[in-house]
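Here's the structure we're looking at; comments come further down.
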Amino acid sequence: MSVVTLTINDELVSAQEGQTLLSVLQERGIEVPTLCHLDGLSERGGCRLCMVEMEGSGRLQAACVTQVQEGMVVYTHSERLVKYRRMILELLFSERNHVCAVCVMNGNCELQWEAAQIGMDHVRYEYLNPDLPMDASHERFVIDHNRCILCTRCVRVCDEIEGAHVWDVMGRGVNSRVIVDLNQPWGTSQSCTSCGKCVQVCPTGALFSKGATVAEMEKQHNFLRWILDGREKKIWSYENGK
Amino acid sequence: MNRSDLEALAQRELQRQQAFRCRILCCASTPCLSSGATAVYDAINAAIKEGELDAEVQAVSTGCMGPCSRGPMVTVQVKDEGEFIYEHVSPEVGRQLVAYHARSAAPPAEELPEPLRTRLLPSDMPFFAKQRKVVLSNSGLIDPERLEDYVARGGYAALAHALREMTPEEVCREIINSGLRGRGGAGYPTGLKWDMVRKARGDKKYVIANGDEGDPGAYMDRTLMESDPHRVLEGMAIAGYAVGADQGYIYVRGEYPIAAKRLERAIRTAERRGLLGSRILDSNFNFRIDVRIGAGAFVCGEETALMASIMGRRGQPTPRPPYPAQSGLWGKPTLINNVETFGNIAPIIQNGAEWFASIGTAKSKGTKIFALAGKVATTGLIEVPMGITLREIVYDIGGGIPNGLAFKAAQTGGPSGGCIPAQYLDTPVDYESLKALGSIMGSGGLIIMDEHSCMVDVAKFFMEFCMDESCGKCVPCRVGTVQMHRLLERITDGSATLQDLETLKELCVMVKETSLCGLGQSAPNPVLSTIQYFLDEYEAHIRERRCPAGVCTLEKTPVTEWVHA
């Protein structure tokens, strides 16, 4: 495989052709916030947090869906980008009810972590406070739409890894919502295998296991890598995959 | 069917039409149908039958004639006497039209009896005189449901010419040389796009015509599909030949049932005659076209979302690259153009690239169809050469602002465009000039506003539209449009502070720069352009709590005021 050379934040970096810019950034330890991206799932390019500046292009590019190219000159933490990332996070917090103090994921939440990293201490926009339901009809899991940021990791993991495609999105704009099958209570779904992959990949407290209370829910993403690499590397036990 | 059969068909049809002394063309496009054109057409037909004039007088239901606010429109073509265009024709007037024009040697127009005289439009009316019809040259003159009518006016001759005399490369070169640019709004050079798809490697390629027109007040694509469906199909077939595709899709907005019906019918008749389908015009070229109907989402006009919709997926955009030219429908190279762009193809092939390039300005060639709406005397559908000034469109073609009011702004490009104030009325209308003013050419919506329009209210209207139509995939567009709408609502209800205006500006720039697709990237344009040209109106709302146009109620007060009180 051929190697390309690019410049990231004034530093020369080599990468493999076909790699995404985000994977190069992560290899180099350059921390760019992400929410919809998850290693092992297809890219969505929806949260717009990993946007970077590129010399010669007037537009900002999402690093997760940009392939590296020879001679690319990239800036990841300009003043403008940091400002926009913070604004995007503020918009997410204003959209639904992200009240950390009463959330099962308090302390483990990716949204909360990204906001803390960027130093977001308040939200300048009006809280929309939508009236959203919870669905606890499944015997093991709960979905709380108030915490959902519509990253669709659950939709993708169920479709791409589990192969069940239980989850999908209905409605549009700010009224979008993830649904089970044709918008029925989760517990009545015939297609759900109760594997729990969706719960494990959810970045916030939108999907959680029953029995978890405030700050008790922790999620494991590494099972995904294990499933994917296990196939290629013929590792058949969970411990080795970890 | 081969080329000589096509010519014979055209001749036969021309002879048939010339046998009539008088042809009465009745508009059957959506605007006229909604003002009662069906009853007019029936009345005219009944009058012809009663008078036993079948051999001399023919009534034809046609496509759009232009001045839609004056509908139902009827054009009477009398052999050796010329054309008479009537507005606001009722069934009763229709009957009188037949009685009057069926007589041989009619008296001059001044002696027309009432009510015909007041309804006759002057032959030198600037609405018609200032237009230049290229794409709409058949519109209003042919029956869109009859293939023969289209062939009689030179239809499918361009396809026959391209298949027989040109290589795909030559077709692409001809389109490049013509300088035609995409009519969907962005203005990408059409020939370059075709050439890219032609060069793309792949055993299967697709051609898509984008007829998912969604801008409020715009109906150029609908009219073209309703009035001259075969022209779009011919353009698509030529494109299919040029890029090496054998399958085309025409994506019609769900709200356009008549357009979809006429296209379906046109495809069937063209296939039956060997002008579409297998071995077109006895050549080795095969091209099928299928109609796909949208389900009511504005975002499906965005090309990647449109393709997702054709493939049966949720209508959401995907990041580009890869561009459709490399990886489009089912991962295959796909050419996607607006239906109006395809409407330009047959005239270019027929008359040559030089002819087309002679119309318009240095960088914007050809003509553009606009749906002229809002506060002008005559609203309707117009086709003008690129480079015409806004003043000519508003005051000559549109007949000026009614009720003696002053022109305030022209809104182009719908929710993706901006407002152009009065001081730029003499700007030539082309892609570059409009962009320089912070607006866009867009697909062709043109809304004229007078002094009774509040620009903040206009910006709020378009933001509400974008908010409703955002697909919800990316955060800046999904939540940003809602927040921008809330801020605009606060300005119009009187509860905003100057800080809110700053927040709004900052949010506009952020959403513009970070959104995933064109919808979000252009959603702030109406706000940004009204802030640029009408900042004083925004400030009047906030500082003086007064709406200069008298539209907003401003019944609330800013929160800070009652904190201090």
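Every chain in the structure tokens takes a letter, A first, then B, and so on in the order presented; its residues are numbered from 1, and the ligands are numbered from 1 following the presented order.
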Using only C-alpha atoms, determine which residues of chain A fall within 10 Å of chain B; present them as a count of residues only. 52
If you count only C-alpha atoms, which residues fall within 9 Å of B:Val134, apart from same-chain ones fewer than 3 positions away, as a PyMOL selection string? chain B and resi 137-138+343-344+347+366-368+383
Would you please extract all helix (DSSP H, G or I) residues from stretch 77-223 of chain A, as assigned by DSSP on the backbone, and give them as a VMD selection string? chain A and resid 79 to 95 100 to 102 110 to 118 145 to 147 153 to 162 173 to 175 186 to 188 197 to 201 222 to 223
Best match for closeness to B:Ser29 among B:Ala8, B:Ala158, B:Met73, B:Ile542, counting only C-alpha atoms: B:Met73
Point out the residue among A:Glu216, A:Leu6, A:Ala101, A:Gln26 with the least atom-to-atom distance to A:Met54, counting only C-alpha atoms.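 Ranking A:Glu216, A:Leu6, A:Ala101, A:Gln26 by distance to A:Met54, first place goes to A:Leu6.
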Near-stretch 440-447 of chain B list (8 Å; only C-alpha atoms; drop same-chain fewer than 3 positions) as a PyMOL selection string: chain B and resi 183-186+213+215-220+368-375+410-414+416-418+429-431+434-435
Extract, using only C-alpha atoms, all DNA, RNA and protein residues at most 6 Å from stretch 200-210 of chain B, discarding same-chain residues fewer than 4 positions from it, and format them as a list of chain:residue names. B:Ala245, B:Gln247, B:Gly248, B:Tyr249, B:Ile250, B:Tyr251, B:Lys332, B:Pro333, B:Thr334, B:Leu335, B:Ile336, B:Asn337, B:Asn338, B:Val339
Nearest to A:Val4, chosen from A:Glu53, A:Glu160, A:Glu27, A:Glu70, with only C-alpha atoms counted in the distances: A:Glu70
Taking the backbone alone, and naming residues the way the document does, which bits of stretch 48-193 of chain A are strand (DSSP E or B) by DSSP, as a list in words?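 Here are the strand (DSSP E or B) residues of stretch 48-193 of chain A: Met51, Val52, Glu53, Met54, Gln61, Ala62, Gln67, Val73, Val74, Tyr75, Met134, Asp135, Phe141, Val142, Ile143, Asp144, Trp167, Asp168, Val169, Met170, Arg177, Val178, Ile179 and Val180 of chain A.
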Need the shell around A:Trp186: protein/DNA/RNA residues with any atom at most 9 Å away, counting only C-alpha atoms. Skip same-chain ones fewer than 2 positions apart. Format as a PyMOL selection string? chain A and resi 135-138+141-143+179-181+183-184+188-189+192
Atom CA of B:Ile397 and atom CA of B:Leu121 are how many Å apart?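 Between atom CA of B:Ile397 and atom CA of B:Leu121 the gap works out to 13.4 Å.
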Considering only C-alpha atoms, return as a PyMOL selection string whatever protein or nucleic-acid residues lie within 12 Å of A:Asp39, sequence-local ones (same chain, fewer than 3 positions apart) excluded. chain A and resi 20+22-23+26+34-36+42-44+64+153+156-157+201+221-229
I need the residues from that last selection saved to file as a CSV table (one decimal), in the first residue's frame (with N, CA and C atoms), if you can.
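Generated file (part.csv):
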chain,number,residue,atom,x,y,z
A,20,THR,N,-8.7,7.3,6.6
A,20,THR,CA,-9.4,8.6,6.8
A,20,THR,C,-8.5,9.5,7.6
A,22,LEU,N,-9.4,11.2,10.1
A,22,LEU,CA,-9.6,11.1,11.5
A,22,LEU,C,-8.7,9.9,12.1
A,23,SER,N,-8.6,8.8,11.4
A,23,SER,CA,-7.8,7.7,11.9
A,23,SER,C,-6.3,8.1,12.1
A,26,GLN,N,-6.1,10.3,15.2
A,26,GLN,CA,-6.1,9.5,16.4
A,26,GLN,C,-4.8,8.7,16.6
A,34,THR,N,-15.3,13.6,18.8
A,34,THR,CA,-16.2,12.9,17.9
A,34,THR,C,-17.4,12.4,18.7
A,35,LEU,N,-18.6,12.3,18.1
A,35,LEU,CA,-19.7,11.7,18.7
A,35,LEU,C,-20.4,10.6,17.9
A,36,CYS,N,-20.5,10.9,16.6
A,36,CYS,CA,-21.2,9.9,15.8
A,36,CYS,C,-20.2,8.8,15.3
A,42,SER,N,-19.7,2.1,10.2
A,42,SER,CA,-19.5,2.9,9.1
A,42,SER,C,-19.6,4.4,9.5
A,43,GLU,N,-19.0,5.3,8.7
A,43,GLU,CA,-19.0,6.7,9.1
A,43,GLU,C,-20.3,7.4,8.7
A,44,ARG,N,-20.7,8.3,9.5
A,44,ARG,CA,-21.9,9.0,9.2
A,44,ARG,C,-21.7,10.5,8.9
A,64,CYS,N,-13.7,12.6,9.7
A,64,CYS,CA,-14.1,11.1,9.7
A,64,CYS,C,-14.5,10.7,8.3
A,153,ARG,N,-25.5,5.5,16.2
A,153,ARG,CA,-24.6,4.4,16.4
A,153,ARG,C,-25.5,3.1,16.6
A,156,ARG,N,-26.7,1.8,13.3
A,156,ARG,CA,-25.6,1.2,12.5
A,156,ARG,C,-25.1,-0.1,13.1
A,157,VAL,N,-25.0,-0.2,14.4
A,157,VAL,CA,-24.4,-1.4,14.9
A,157,VAL,C,-25.5,-2.5,14.8
A,201,VAL,N,-22.9,0.7,22.5
A,201,VAL,CA,-22.3,1.7,21.7
A,201,VAL,C,-22.9,3.1,21.9
A,221,HIS,N,-17.1,-0.4,24.5
A,221,HIS,CA,-17.1,-0.4,23.1
A,221,HIS,C,-16.2,-1.4,22.5
A,222,ASN,N,-15.2,-2.0,23.3
A,222,ASN,CA,-14.2,-2.8,22.7
A,222,ASN,C,-14.7,-4.1,22.2
A,223,PHE,N,-15.9,-4.5,22.6
A,223,PHE,CA,-16.5,-5.8,22.0
A,223,PHE,C,-16.6,-5.7,20.5
A,224,LEU,N,-16.7,-4.5,20.0
A,224,LEU,CA,-17.0,-4.3,18.6
A,224,LEU,C,-15.7,-4.6,17.8
A,225,ARG,N,-14.6,-4.0,18.3
A,225,ARG,CA,-13.3,-4.3,17.7
A,225,ARG,C,-13.0,-5.8,17.8
A,226,TRP,N,-13.4,-6.4,18.9
A,226,TRP,CA,-13.2,-7.9,19.1
A,226,TRP,C,-13.9,-8.7,18.1
A,227,ILE,N,-15.2,-8.3,17.9
A,227,ILE,CA,-16.0,-9.0,16.9
A,227,ILE,C,-15.3,-8.9,15.5
A,228,LEU,N,-15.0,-7.6,15.2
A,228,LEU,CA,-14.5,-7.4,13.8
A,228,LEU,C,-13.1,-8.0,13.6
A,229,ASP,N,-12.1,-7.8,14.6
A,229,ASP,CA,-10.8,-8.3,14.4
A,229,ASP,C,-10.8,-9.8,14.6
In Å, with one decimal, what is the gap from atom CA of A:Val82 to atom CA of A:Gly40?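 Those two atoms sit 26.5 Å apart.
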Distance in Å - atom CA of B:Lys363 versus atom CA of B:Glu432: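 These atoms are spaced 7.9 Å apart.
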Need to verify the contact set: B:Ala162, 9 Å, only C-alpha atoms, exclusion of same-chain residues closer than 4 positions in sequence. Can you return it as a list of chain:residue names?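 Near neighbours after the sequence-gap exclusion: B:Ala157, B:Ala158, B:Met166, B:Thr167, B:Pro168, B:Glu170, B:Val171, B:Ile238, B:Tyr241, B:Ala242, B:Ile349, B:Gln350.
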